[in-house]
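A short worksheet on the structure shown next.
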Amino acid sequence: MEKKASPSRTRVTRRGMERKAQILEVATEKFLAHGFDGVSIDDIVLTVGGSKTNVYSQFGNKEGLFRAVIENLCEVFLRNFRKVNLSGKDARTGLTQLGTTLLKSLLLDKHIAFQRLVLAESGRFPGLGQTWFDDGPQQSRLRIAGFILQCQQGGELRGVDPMVCATLFHDMLVFNPTHLSTIGRPPTARAVHRHVRQVVDLFMQGMCL
């Protein structure tokens, strides 16, 4: 007969998960505001409560916690982008929706702070920049590539390597608006709308059969 988990064990697991999420949330806000050097485990424990042992048991050390913050934020910023419904959409409509949704997330103040943090700390932590790239921009490109392939198979777009196409589309879309925001010159909503339209127009001119 299969043994059931005791209620007390279930509660401990749930509490542990909730505590981990709370530590991650507090650490995220503090790292974004003050950078890696400006935050200590003591600072986080002071806000969350408990002891440093909780942090070490969940994340190993401060660097492990920092990496967990980076990985989690990559997921958070792509959440709405992944939810875009592309079923039955033509190339222009789908690319416009993908581009608009992606930029809406990437131009949030929190994401710009995140991008500054990654750029500032990637030299200190080998592999951190690669983690951000793999979990962030590369995931966006893969989603776009999948849609481009779908449009190619439907005879709407030229049969060029979809990943190459997605990379070019993504970089045309993302670089200038996020770069301007990073240096303190965020584009207006109207400018973003115009930018997405221009990128999609240019892409379609080169890719339409």
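Order determines the names: the first chain of the structure tokens is A, the second B, and so forth; residues in each chain are numbered 1 upward, and ligands are numbered 1 upward as they are shown.
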
Check your understanding: Contacts of A:Tyr56 at 12 Å or less, counting only C-alpha atoms, minus same-chain residues fewer than 4 places along, as number ranges by chain?
Key -> A: 20, 23, 41-42, 44-45, 50-52, 60-65

Check your understanding: Within 12 Å of A:Arg194, counting only C-alpha atoms, which residues qualify if same-chain residues fewer than 4 places away don't, as a PyMOL selection string?
Key -> chain A and resi 96+99-100+173+177+187-190+198-201

Practice item. Skip stretch 159-171 of chain A itself and residues of its chain fewer than 6 positions away, then list as an NGL selection string all residues within 6 Å of it, counting only C-alpha atoms. Key: :A and (141 or 144-145 or 148-149 or 152)

Convert the current residue selection to file output with C-alpha atoms, as a short mmCIF file (atom, residue, chain, number, x, y, z; two decimals), in the first residue's frame.
```cif
data_model
loop_
_atom_site.label_atom_id
_atom_site.label_comp_id
_atom_site.auth_asym_id
_atom_site.auth_seq_id
_atom_site.Cartn_x
_atom_site.Cartn_y
_atom_site.Cartn_z
CA ARG A 141 14.61 34.59 -30.93
CA ILE A 144 10.12 34.29 -33.29
CA ALA A 145 11.97 31.67 -35.36
CA ILE A 148 8.69 32.47 -39.04
CA LEU A 149 9.08 28.77 -39.84
CA GLN A 152 7.46 29.72 -44.40
#
```

As a short mmCIF file (atom, residue, chain, number, x, y, z; two decimals) with N, CA, C and O atoms, in the first residue's frame, please: the residues near stretch 106-122 of chain A (cut-off 9 Å, only C-alpha atoms, same-chain neighbours under 2 positions excluded).
```
data_model
loop_
_atom_site.label_atom_id
_atom_site.label_comp_id
_atom_site.auth_asym_id
_atom_site.auth_seq_id
_atom_site.Cartn_x
_atom_site.Cartn_y
_atom_site.Cartn_z
N PHE A 31 19.08 43.80 -5.21
CA PHE A 31 20.14 43.75 -6.21
C PHE A 31 19.88 44.77 -7.33
O PHE A 31 20.81 45.42 -7.82
N LEU A 32 18.64 44.90 -7.75
CA LEU A 32 18.32 45.88 -8.81
C LEU A 32 18.58 47.30 -8.34
O LEU A 32 19.02 48.15 -9.12
N ALA A 33 18.34 47.56 -7.08
CA ALA A 33 18.50 48.92 -6.56
C ALA A 33 19.95 49.26 -6.21
O ALA A 33 20.40 50.40 -6.40
N GLY A 35 22.92 46.88 -6.74
CA GLY A 35 23.99 46.10 -7.33
C GLY A 35 24.43 44.98 -6.42
O GLY A 35 23.97 44.84 -5.29
N PHE A 36 25.35 44.16 -6.92
CA PHE A 36 25.80 42.98 -6.16
C PHE A 36 26.55 43.39 -4.90
O PHE A 36 26.27 42.89 -3.81
N ILE A 70 18.81 36.39 -11.49
CA ILE A 70 18.95 36.63 -12.93
C ILE A 70 18.08 35.66 -13.71
O ILE A 70 17.34 36.06 -14.63
N LEU A 73 14.31 36.49 -13.26
CA LEU A 73 13.89 37.70 -13.96
C LEU A 73 13.77 37.46 -15.46
O LEU A 73 12.86 38.01 -16.10
N PHE A 77 10.23 38.37 -17.37
CA PHE A 77 10.11 39.35 -18.45
C PHE A 77 9.62 38.74 -19.76
O PHE A 77 9.11 39.45 -20.62
N LEU A 78 9.76 37.44 -19.92
CA LEU A 78 9.30 36.78 -21.15
C LEU A 78 7.93 36.12 -20.99
O LEU A 78 7.40 35.57 -21.95
N THR A 101 4.60 43.08 -27.86
CA THR A 101 4.58 42.47 -26.53
C THR A 101 5.98 42.40 -25.95
O THR A 101 6.18 42.67 -24.75
N LEU A 102 6.95 42.02 -26.77
CA LEU A 102 8.33 41.92 -26.29
C LEU A 102 8.86 43.28 -25.84
O LEU A 102 9.41 43.41 -24.74
N LEU A 103 8.66 44.30 -26.66
CA LEU A 103 9.17 45.62 -26.28
C LEU A 103 8.47 46.18 -25.05
O LEU A 103 9.09 46.86 -24.23
N LYS A 104 7.20 45.89 -24.91
CA LYS A 104 6.47 46.36 -23.74
C LYS A 104 7.12 45.84 -22.46
O LYS A 104 7.21 46.57 -21.46
N ARG A 124 32.40 40.18 -13.73
CA ARG A 124 32.81 39.62 -12.44
C ARG A 124 32.48 38.14 -12.32
O ARG A 124 33.21 37.37 -11.70
N PHE A 125 31.37 37.72 -12.93
CA PHE A 125 30.90 36.34 -12.78
C PHE A 125 30.94 35.63 -14.12
O PHE A 125 30.06 35.85 -14.96
N PRO A 126 31.94 34.79 -14.35
CA PRO A 126 32.00 34.04 -15.61
C PRO A 126 30.73 33.23 -15.84
O PRO A 126 30.26 32.55 -14.94
N GLY A 127 30.19 33.36 -17.02
CA GLY A 127 28.99 32.61 -17.34
C GLY A 127 27.69 33.33 -17.07
O GLY A 127 26.64 32.92 -17.55
N LEU A 128 27.74 34.42 -16.30
CA LEU A 128 26.50 35.14 -16.00
C LEU A 128 25.89 35.75 -17.25
O LEU A 128 24.68 35.64 -17.49
N GLY A 129 26.72 36.37 -18.07
CA GLY A 129 26.23 36.95 -19.32
C GLY A 129 25.64 35.89 -20.23
O GLY A 129 24.62 36.12 -20.89
N GLN A 130 26.27 34.72 -20.25
CA GLN A 130 25.76 33.63 -21.08
C GLN A 130 24.42 33.14 -20.56
O GLN A 130 23.52 32.81 -21.34
N TRP A 132 22.19 34.92 -18.95
CA TRP A 132 21.21 35.93 -19.34
C TRP A 132 20.86 35.79 -20.83
O TRP A 132 19.69 35.83 -21.20
N VAL A 174 14.83 45.31 -31.00
CA VAL A 174 15.14 45.52 -29.58
C VAL A 174 16.25 46.52 -29.33
O VAL A 174 16.17 47.32 -28.38
N PRO A 177 15.60 50.86 -29.01
CA PRO A 177 14.76 51.30 -27.89
C PRO A 177 15.35 50.97 -26.51
O PRO A 177 15.31 51.79 -25.60
N THR A 178 15.90 49.75 -26.35
CA THR A 178 16.45 49.39 -25.05
C THR A 178 17.75 50.15 -24.77
O THR A 178 18.02 50.54 -23.63
N SER A 181 16.80 53.59 -23.65
CA SER A 181 16.26 53.53 -22.28
C SER A 181 17.38 53.33 -21.26
O SER A 181 17.35 53.91 -20.17
N THR A 182 18.37 52.53 -21.62
CA THR A 182 19.48 52.27 -20.71
C THR A 182 20.28 53.53 -20.41
O THR A 182 20.81 53.70 -19.31
N PRO A 186 14.23 57.00 -22.64
CA PRO A 186 13.22 56.03 -23.06
C PRO A 186 12.30 56.59 -24.13
O PRO A 186 11.87 57.75 -24.05
N PRO A 187 11.98 55.82 -25.16
CA PRO A 187 11.08 56.29 -26.22
C PRO A 187 9.65 56.37 -25.72
O PRO A 187 9.26 55.66 -24.79
#
```

Exercise for review: Going by DSSP on the backbone, which bits of stretch 8-204 of chain A are alpha helix (DSSP H)? Write them as a PyMOL selection string, please.
Suggested key: chain A and resi 8-34+41-48+52-59+62-82+91-106+109-121+128-135+137-153+162-182+189-204

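Among the candidates A:Gln153, A:Arg158, A:Phe175, A:Val55, the one nearest to A:Met207 when counting only C-alpha atoms is A:Arg158.
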